[in-house]
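Step one of this worksheet: look at the structure below.
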Amino acid sequence: MKNEKSLRLETYRNAAEIQRIGNRAVRAAQEESRRMGVPNVYSLNGKLYYELPNGEITDKSPFEE
């Protein structure tokens, strides 16, 4: 039983570490997009939102003319 519990704890810690690494990578990619003037795209409840380089958030695609 003790071994099983420690395995679950180790699995939880590994998952938390993977999530931390992923969160850092996403933040770095968002910052790079901002520096390059490229909109960041987010999805909320299946709807796309765009964070424009000026900081404005819109649901209108800046990629369509």
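Chain identifiers are assigned as A, B, and so on, following the order in which chains appear in the structure tokens; residues are numbered from 1 within each chain, and ligands are numbered from 1 in order of appearance.
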Considering only C-alpha atoms, return as a list in words whatever protein or nucleic-acid residues lie within 12 Å of Pro53 of chain A, sequence-local ones (same chain, fewer than 6 positions apart) excluded.
Gln30, Glu31, Glu32, Ser33, Arg34, Arg35, Met36, Gly37, Val38, Pro39, Asn40, Val41 and Pro62 of chain A
Å distance separating atom CA of Leu44 of chain A from atom CA of Thr11 of chain A, one decimal place
28.9 Å
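Taking only chain A, the residues that DSSP calls strand (DSSP E) from the backbone come to Asn40, Val41, Tyr42, Ser43, Leu44, Lys47, Leu48, Tyr49, Tyr50, Glu51, Ile57 and Thr58 of chain A.
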Suppose we keep N, CA and C atoms; can you now write the selection as a compact mmCIF listing (two decimals), in the first residue's frame?
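Below is the file again_12.txt, written as the result:
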```
# COMPACT_ATOMS: atom_id res chain seq x y z
N ASN A 40 -1.58 36.80 -30.91
CA ASN A 40 -1.76 35.55 -30.18
C ASN A 40 -3.21 35.15 -30.32
N VAL A 41 -3.46 33.86 -30.52
CA VAL A 41 -4.82 33.35 -30.73
C VAL A 41 -5.19 32.46 -29.56
N TYR A 42 -6.39 32.69 -29.02
CA TYR A 42 -6.89 31.91 -27.89
C TYR A 42 -8.27 31.36 -28.24
N SER A 43 -8.63 30.27 -27.61
CA SER A 43 -9.95 29.68 -27.79
C SER A 43 -10.64 29.61 -26.43
N LEU A 44 -11.86 30.09 -26.39
CA LEU A 44 -12.66 30.04 -25.18
C LEU A 44 -14.05 29.53 -25.56
N LYS A 47 -14.76 29.38 -29.27
CA LYS A 47 -14.71 30.63 -30.04
C LYS A 47 -13.29 31.18 -30.01
N LEU A 48 -12.80 31.64 -31.16
CA LEU A 48 -11.45 32.17 -31.25
C LEU A 48 -11.41 33.66 -30.91
N TYR A 49 -10.39 34.03 -30.16
CA TYR A 49 -10.12 35.43 -29.82
C TYR A 49 -8.67 35.73 -30.18
N TYR A 50 -8.43 36.96 -30.59
CA TYR A 50 -7.11 37.37 -31.05
C TYR A 50 -6.61 38.51 -30.18
N GLU A 51 -5.40 38.35 -29.67
CA GLU A 51 -4.74 39.44 -28.95
C GLU A 51 -3.81 40.11 -29.96
N ILE A 57 -8.00 42.95 -27.66
CA ILE A 57 -8.50 41.59 -27.85
C ILE A 57 -9.80 41.68 -28.64
N THR A 58 -9.88 40.87 -29.69
CA THR A 58 -11.03 40.91 -30.59
C THR A 58 -11.39 39.50 -31.03
```
Residue set, chain A restricted to helix (DSSP H, G or I), as a tab-separated table (two decimals) with C-alpha atoms, in the first residue's frame:
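Listing of part_27.tsv after writing:
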```tsv
chain	number	residue	atom	x	y	z
A	2	LYS	CA	2.78	2.44	0.93
A	3	ASN	CA	4.59	1.80	-2.36
A	4	GLU	CA	1.38	2.43	-4.29
A	5	LYS	CA	0.84	5.75	-2.48
A	6	SER	CA	4.39	6.93	-3.12
A	7	LEU	CA	4.00	6.01	-6.79
A	8	ARG	CA	0.88	8.17	-7.02
A	9	LEU	CA	2.71	11.04	-5.32
A	10	GLU	CA	5.63	10.71	-7.72
A	11	THR	CA	3.21	10.66	-10.67
A	12	TYR	CA	1.52	13.81	-9.37
A	13	ARG	CA	4.88	15.57	-8.94
A	14	ASN	CA	5.98	14.58	-12.44
A	15	ALA	CA	2.73	15.84	-13.92
A	16	ALA	CA	3.08	19.15	-12.05
A	17	GLU	CA	6.65	19.53	-13.36
A	18	ILE	CA	5.56	18.83	-16.95
A	19	GLN	CA	2.77	21.40	-16.62
A	20	ARG	CA	5.22	23.98	-15.21
A	21	ILE	CA	7.56	23.45	-18.16
A	22	GLY	CA	4.66	23.72	-20.62
A	23	ASN	CA	3.38	26.93	-19.01
A	24	ARG	CA	6.83	28.51	-19.28
A	25	ALA	CA	7.08	27.52	-22.94
A	26	VAL	CA	3.65	29.01	-23.72
A	27	ARG	CA	4.51	32.30	-21.97
A	28	ALA	CA	7.80	32.49	-23.89
A	29	ALA	CA	6.02	31.85	-27.20
A	30	GLN	CA	3.41	34.52	-26.40
A	31	GLU	CA	6.14	37.07	-25.61
A	32	GLU	CA	8.00	36.20	-28.81
A	33	SER	CA	4.81	36.70	-30.84
A	34	ARG	CA	4.29	40.08	-29.21
A	35	ARG	CA	7.86	41.15	-30.00
A	36	MET	CA	7.40	40.05	-33.61
```
